[in-house]
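A short write-up of the structure that comes next.
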Amino acid sequence: MPDNIIVAGVSVDTRHWIGGRRVASSGTFTDHSPIDGSALGEIARGGPAEAEAAVAAARDAFPVWAATPRGERARILHAIADGVEKRIEELAVVETADNGALLRSHRRGVMPRVAHNFRFFADWLLSLGHEDFDTRGHTNHVSWDPAGPCVLITPWNAPLMLATWKVAPALAAGNTVVLKPAEWSPLTASLLADIAAEAGLPAGVLNVVQGYGSEIGDALTSHPDVRRISFTGSVPTARRIAESAAAHLTPLSLELGGKSPLLVFADADLELAVDLAVEQYDNAGQVCLAGTRLLVEESVAEEFTRRFAEKAAGLRQGDPRDEATDIGPNIHPRQLEKIDGFVRRAVAAGARVVIGGHRKDGQYYAPTLLTDVAQDSEIVQEEVFGPVLTLQTFAGEDEAVRLANDTRFGLAATVATGDRDRAERVTARLVAGTVWVNCFFVRDLQAPFGGSRQSGVGREGGTWSFDFYCDLKNTVTAPKGWNQDHG
């Protein structure tokens, strides 16, 4: 197969990046664009051999990178950020072609955030540390030691941004990385390897391997030389990864999606609440944090639903490369079938379609709102990961909180209310890693991010990322025992 493909005018190498060089595989898989289903090209399909080679490269590169002074590591991460910023347009058009998200969002928000990921963790590294403290005259000194080779497995809904959310702190901490991007959106990870090499990252410090699920994933997550595993994706895949990691007690960080509630109280600014609810269709509903369960106080439910339907009707769905488009395609025919199956089963069980509820041409699904849904129904309890919302009503705070917490997930929640005291009461009772009040998707890298219950294990962001990617060591030194005649 050719080593490179041309995507939206950009040359992308389709081979793995292992030990500072490009490595082909005997097999390939076809990468399709969700925009029109066209084949973008053949991608190297890795397996156990490529996994072994990548981990070996990371293991061999680790001692030197771990010993590299913090200032030099930070300088290289800033150089990677510089490289990202120089290629924002290339990264944006390739990722839009590969995963179907809006080009305008990639240009203005996502790719600048990729650069920020590297800059933030480079700067946080330089400020990281704890002051020494005293215990009965003994000095305690805490150090942040690099853990070793890390396997990072990333999803398809925001491929490069979510990859660098893991890669940047892992590298900053002094670890080496094997990155395995999702097989439905592998292309920008390959471009990242080029950018990192151009920035002077030593060979073997970042490795990128492509492949289908367990074909390569099992070999990576069960490898005895891997010291950390970070995964974003589904609960079933996380269970499999945890089983693989258990043999060597490899620490895990898992972000597993959710079924987040958006609570609208009668005292809320209803226009704001409707805007927040319609925003949940962002990225064709393929957002783990999305508040897909609209919980609306009974007294305003009818008016809210009317305004919501009117607002949603103004959304433009179509080619994500068009500046005027609000909602693009779903990632893959298999995902589209999954979304449609959820809706068809919900309707068969008695749900009422307020808007949408059907496929459109190609890989597009109409923005959908369902009402008359039971709390224990599949559509309320399971993550659809598409442009499908449900609406339920509640009579008061206690019922609102009960409904909000009544799933196996706990990733996020959004609360719309005009009462500050109510906001404090309700948020204190919600089970969620992140709660937004009268806003949505405001993220700061210094804040902890992660989920409760089956939405994940662990927290990342700021110091929490370094807690995961480092082995913390406490050195206790006695005040006596030094040989004063040593020199």
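Identifiers in this document derive from the order of the structure tokens: chains are assigned A, B, ..., residues are numbered from 1 separately in each chain, and ligands are numbered from 1 in order of occurrence.
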Which residues are near region 408-419 of chain A? Cut-off 8 Å, only C-alpha atoms, ignore same chain within fewer than 2 positions. Put them as a PyMOL selection string. chain A and resi 257-269+272-273+289-291+381+405-406+421-423+427+430-440+450-456
Report the residues of region 206-418 of chain A whose backbone DSSP state falls under strand (DSSP E or B), written as a ChimeraX atom specification. /A:206-208,228-232,252-255,261-264,293-297,317,327,352-355,359,365,368-371,388-394,412-416
Please dump the current selection as a short mmCIF file (atom, residue, chain, number, x, y, z; two decimals), in the first residue's frame; keep N, CA and C atoms.
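Ended up saving to again_29.cif:
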```
data_model
loop_
_atom_site.label_atom_id
_atom_site.label_comp_id
_atom_site.auth_asym_id
_atom_site.auth_seq_id
_atom_site.Cartn_x
_atom_site.Cartn_y
_atom_site.Cartn_z
N LEU A 206 7.31 9.03 22.01
CA LEU A 206 5.92 8.94 21.57
C LEU A 206 5.85 7.94 20.43
N ASN A 207 5.01 6.94 20.58
CA ASN A 207 4.79 5.93 19.55
C ASN A 207 3.30 5.89 19.24
N VAL A 208 2.95 5.71 17.98
CA VAL A 208 1.55 5.67 17.56
C VAL A 208 1.32 4.38 16.79
N ARG A 228 1.29 2.46 33.09
CA ARG A 228 0.02 3.16 33.22
C ARG A 228 -0.82 2.91 31.97
N ILE A 229 -2.13 2.82 32.16
CA ILE A 229 -3.07 2.70 31.06
C ILE A 229 -4.17 3.74 31.26
N SER A 230 -4.40 4.55 30.24
CA SER A 230 -5.50 5.51 30.27
C SER A 230 -6.39 5.24 29.07
N PHE A 231 -7.68 5.13 29.34
CA PHE A 231 -8.64 4.76 28.30
C PHE A 231 -9.87 5.63 28.39
N THR A 232 -10.36 6.07 27.24
CA THR A 232 -11.65 6.74 27.14
C THR A 232 -12.49 5.97 26.14
N LEU A 252 -4.92 2.15 36.30
CA LEU A 252 -5.80 2.54 35.21
C LEU A 252 -6.44 3.90 35.47
N SER A 253 -6.65 4.65 34.40
CA SER A 253 -7.52 5.82 34.42
C SER A 253 -8.57 5.58 33.34
N LEU A 254 -9.85 5.59 33.72
CA LEU A 254 -10.92 5.22 32.79
C LEU A 254 -11.98 6.31 32.76
N GLU A 255 -12.29 6.81 31.55
CA GLU A 255 -13.40 7.76 31.37
C GLU A 255 -14.38 7.09 30.43
N PRO A 261 -27.87 14.12 33.33
CA PRO A 261 -29.13 14.86 33.40
C PRO A 261 -28.92 16.36 33.20
N LEU A 262 -29.94 17.01 32.67
CA LEU A 262 -30.00 18.47 32.61
C LEU A 262 -31.29 18.87 33.32
N LEU A 263 -31.15 19.44 34.51
CA LEU A 263 -32.30 19.76 35.36
C LEU A 263 -32.74 21.21 35.12
N VAL A 264 -34.01 21.41 34.81
CA VAL A 264 -34.56 22.74 34.56
C VAL A 264 -35.64 23.01 35.61
N ARG A 293 -30.57 13.59 29.25
CA ARG A 293 -31.83 13.41 29.97
C ARG A 293 -32.31 14.77 30.47
N LEU A 294 -33.28 15.36 29.78
CA LEU A 294 -33.84 16.63 30.19
C LEU A 294 -34.89 16.38 31.27
N LEU A 295 -34.66 16.93 32.45
CA LEU A 295 -35.58 16.81 33.58
C LEU A 295 -36.13 18.20 33.86
N VAL A 296 -37.42 18.39 33.61
CA VAL A 296 -38.02 19.73 33.63
C VAL A 296 -39.15 19.78 34.65
N GLU A 297 -39.17 20.85 35.44
CA GLU A 297 -40.23 20.99 36.44
C GLU A 297 -41.59 21.07 35.75
N GLN A 317 -28.52 20.90 9.55
CA GLN A 317 -27.78 19.64 9.52
C GLN A 317 -27.29 19.39 8.11
N ILE A 327 -25.00 20.73 12.74
CA ILE A 327 -24.90 19.32 13.11
C ILE A 327 -24.42 18.54 11.90
N ARG A 352 -43.02 8.98 22.93
CA ARG A 352 -43.60 9.87 21.93
C ARG A 352 -42.49 10.72 21.31
N VAL A 353 -42.47 10.81 20.00
CA VAL A 353 -41.47 11.60 19.29
C VAL A 353 -41.96 13.04 19.19
N VAL A 354 -41.21 13.97 19.78
CA VAL A 354 -41.54 15.40 19.69
C VAL A 354 -40.92 15.98 18.43
N ILE A 355 -39.66 15.69 18.20
CA ILE A 355 -38.98 16.07 16.97
C ILE A 355 -38.07 14.92 16.55
N ARG A 359 -33.74 8.46 10.54
CA ARG A 359 -32.52 8.67 9.78
C ARG A 359 -32.76 9.68 8.67
N TYR A 365 -28.45 11.59 11.35
CA TYR A 365 -29.65 11.25 12.11
C TYR A 365 -30.29 12.54 12.60
N THR A 368 -33.33 14.52 17.78
CA THR A 368 -34.52 13.83 18.27
C THR A 368 -34.79 14.16 19.73
N LEU A 369 -36.07 14.34 20.06
CA LEU A 369 -36.50 14.48 21.45
C LEU A 369 -37.66 13.53 21.67
N LEU A 370 -37.55 12.71 22.72
CA LEU A 370 -38.58 11.74 23.07
C LEU A 370 -39.15 12.06 24.45
N THR A 371 -40.47 11.97 24.56
CA THR A 371 -41.11 12.11 25.88
C THR A 371 -41.90 10.83 26.17
N VAL A 388 -29.95 12.30 20.36
CA VAL A 388 -31.22 11.82 20.92
C VAL A 388 -31.31 12.22 22.39
N LEU A 389 -32.34 13.02 22.72
CA LEU A 389 -32.59 13.44 24.09
C LEU A 389 -33.94 12.90 24.54
N THR A 390 -34.08 12.73 25.85
CA THR A 390 -35.37 12.38 26.43
C THR A 390 -35.80 13.51 27.36
N LEU A 391 -37.12 13.63 27.56
CA LEU A 391 -37.65 14.65 28.47
C LEU A 391 -38.60 14.00 29.46
N GLN A 392 -38.32 14.24 30.74
CA GLN A 392 -39.17 13.79 31.84
C GLN A 392 -39.48 14.99 32.72
N THR A 393 -40.54 14.91 33.49
CA THR A 393 -40.91 16.00 34.37
C THR A 393 -40.76 15.59 35.83
N PHE A 394 -40.65 16.61 36.69
CA PHE A 394 -40.58 16.37 38.13
C PHE A 394 -41.40 17.43 38.86
N ALA A 412 -21.48 13.68 34.51
CA ALA A 412 -21.73 15.12 34.57
C ALA A 412 -23.20 15.39 34.84
N ALA A 413 -23.51 16.65 35.12
CA ALA A 413 -24.88 17.10 35.28
C ALA A 413 -24.91 18.60 35.02
N THR A 414 -26.06 19.08 34.56
CA THR A 414 -26.25 20.51 34.33
C THR A 414 -27.53 20.93 35.05
N VAL A 415 -27.47 22.09 35.73
CA VAL A 415 -28.60 22.59 36.50
C VAL A 415 -28.93 24.00 36.01
N ALA A 416 -30.19 24.22 35.66
CA ALA A 416 -30.66 25.55 35.29
C ALA A 416 -31.64 26.03 36.37
#
```
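Note that the spacing between CA of Ile216 (chain A) and CA of Pro48 (chain A) amounts to 5.6 Å.
Among A:Lys180, A:Phe441, A:Ser234, A:Leu472, the residue with the shortest atom-to-atom distance to Glu279 (chain A), counting only C-alpha atoms, is A:Phe441.
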Residues within 10 Å of Leu102 (chain A), please, as a short mmCIF file (atom, residue, chain, number, x, y, z; two decimals) with N, CA, C and O atoms, in the first residue's frame. Count only C-alpha atoms; anything in the same chain fewer than 6 positions from it doesn't count.
```cif
data_model
loop_
_atom_site.label_atom_id
_atom_site.label_comp_id
_atom_site.auth_asym_id
_atom_site.auth_seq_id
_atom_site.Cartn_x
_atom_site.Cartn_y
_atom_site.Cartn_z
N ALA A 92 -7.31 20.57 11.21
CA ALA A 92 -8.76 20.77 11.22
C ALA A 92 -9.43 20.08 10.04
O ALA A 92 -10.43 19.37 10.20
N VAL A 93 -8.89 20.28 8.83
CA VAL A 93 -9.56 19.70 7.66
C VAL A 93 -9.43 18.18 7.64
O VAL A 93 -10.36 17.47 7.22
N GLU A 95 -9.18 16.19 10.36
CA GLU A 95 -10.05 15.61 11.38
C GLU A 95 -11.52 15.71 11.00
O GLU A 95 -12.31 14.79 11.27
N THR A 96 -11.91 16.79 10.36
CA THR A 96 -13.30 16.88 9.90
C THR A 96 -13.60 15.80 8.87
O THR A 96 -14.65 15.15 8.92
N VAL A 110 -11.21 23.44 18.78
CA VAL A 110 -10.61 22.15 19.10
C VAL A 110 -9.10 22.16 18.91
O VAL A 110 -8.34 21.77 19.81
N ASP A 282 -24.67 19.10 20.18
CA ASP A 282 -23.33 19.39 19.65
C ASP A 282 -22.61 18.11 19.22
O ASP A 282 -22.74 17.07 19.87
N ASN A 283 -21.87 18.21 18.12
CA ASN A 283 -21.12 17.08 17.58
C ASN A 283 -22.03 15.88 17.30
O ASN A 283 -21.65 14.72 17.53
N ALA A 284 -23.24 16.20 16.81
CA ALA A 284 -24.24 15.16 16.49
C ALA A 284 -24.53 14.26 17.69
O ALA A 284 -24.81 13.07 17.54
N GLY A 318 -25.99 19.02 8.02
CA GLY A 318 -25.45 18.79 6.69
C GLY A 318 -23.95 18.65 6.71
O GLY A 318 -23.35 18.22 7.72
N ASP A 319 -23.32 19.03 5.62
CA ASP A 319 -21.87 18.89 5.44
C ASP A 319 -21.13 19.69 6.51
O ASP A 319 -21.30 20.92 6.60
N PRO A 320 -20.32 19.05 7.33
CA PRO A 320 -19.64 19.77 8.42
C PRO A 320 -18.59 20.75 7.93
O PRO A 320 -18.10 21.57 8.72
N ARG A 321 -18.26 20.70 6.67
CA ARG A 321 -17.29 21.66 6.13
C ARG A 321 -17.93 22.99 5.78
O ARG A 321 -17.23 23.98 5.54
N ASP A 322 -19.26 23.02 5.77
CA ASP A 322 -20.02 24.23 5.49
C ASP A 322 -20.08 25.07 6.76
O ASP A 322 -20.49 24.58 7.82
N GLU A 323 -19.71 26.32 6.67
CA GLU A 323 -19.68 27.22 7.83
C GLU A 323 -21.05 27.34 8.49
O GLU A 323 -21.14 27.59 9.70
N ALA A 324 -22.12 27.17 7.73
CA ALA A 324 -23.47 27.37 8.27
C ALA A 324 -24.03 26.12 8.95
O ALA A 324 -25.07 26.18 9.58
N THR A 325 -23.34 25.00 8.84
CA THR A 325 -23.84 23.75 9.42
C THR A 325 -23.71 23.74 10.94
O THR A 325 -22.69 24.16 11.50
N ASP A 326 -24.75 23.27 11.60
CA ASP A 326 -24.75 23.13 13.06
C ASP A 326 -24.53 21.69 13.52
O ASP A 326 -23.97 21.46 14.59
N ILE A 327 -25.00 20.73 12.74
CA ILE A 327 -24.90 19.32 13.11
C ILE A 327 -24.42 18.54 11.90
O ILE A 327 -25.01 18.61 10.82
N GLY A 328 -23.35 17.78 12.08
CA GLY A 328 -22.80 16.96 11.01
C GLY A 328 -23.28 15.53 11.08
O GLY A 328 -24.29 15.22 11.73
N PRO A 329 -22.54 14.62 10.47
CA PRO A 329 -22.94 13.22 10.45
C PRO A 329 -22.53 12.49 11.72
O PRO A 329 -21.72 12.98 12.50
#
```
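Closest approach to Ala66 (chain A) among A:Gly137, A:Ala193, A:Val287, A:Tyr469 is made by A:Tyr469 (distances from only C-alpha atoms).
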Determine, counting only C-alpha atoms, which protein, DNA and RNA residues have an atom within 10 Å of an atom of Val178 (chain A); residues of the same chain fewer than 5 positions away are not included. Present the result as a VMD selection string. chain A and resid 17 to 18 51 54 to 58 149 to 153 167 204 to 209 220 226 229
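Picture a line from CA of Ile43 (chain A) to CA of Ala182 (chain A); it runs 11.8 Å.
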Among region 59-267 of chain A, which residues carry a DSSP assignment of helix (DSSP H, G or I), reported as a VMD selection string? chain A and resid 59 to 67 70 to 86 88 to 99 103 to 127 159 to 172 187 to 198 213 to 221 235 to 246
Within 10 Å of Asp398 (chain A), counting only C-alpha atoms, which residues qualify if same-chain residues fewer than 6 places away don't, as a ChimeraX atom specification? /A:404,426,429
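Separating CA of Trp156 (chain A) from CA of Cys288 (chain A) is a distance of 11.3 Å.
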Set the distance at 12 Å and use only C-alpha atoms: which residues neighbour Gly83 (chain A) once local chain neighbours fewer than 4 positions away are removed? I'd like the list as an NGL selection string. :A and (76-79 or 87-91 or 111-112 or 114-116 or 118-119 or 191-201)
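Among the candidates A:Glu215, A:Asp225, A:Asp134, A:Asp444, the one nearest to Gly148 (chain A) when counting only C-alpha atoms is A:Asp225.
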For Gln363 (chain A), find every residue with an atom within 12 Å (counting only C-alpha atoms), except residues of its own chain fewer than 3 positions away, and show them as a ChimeraX atom specification. /A:32-38,99-100,284,317-319,327-340,358-360,366,386
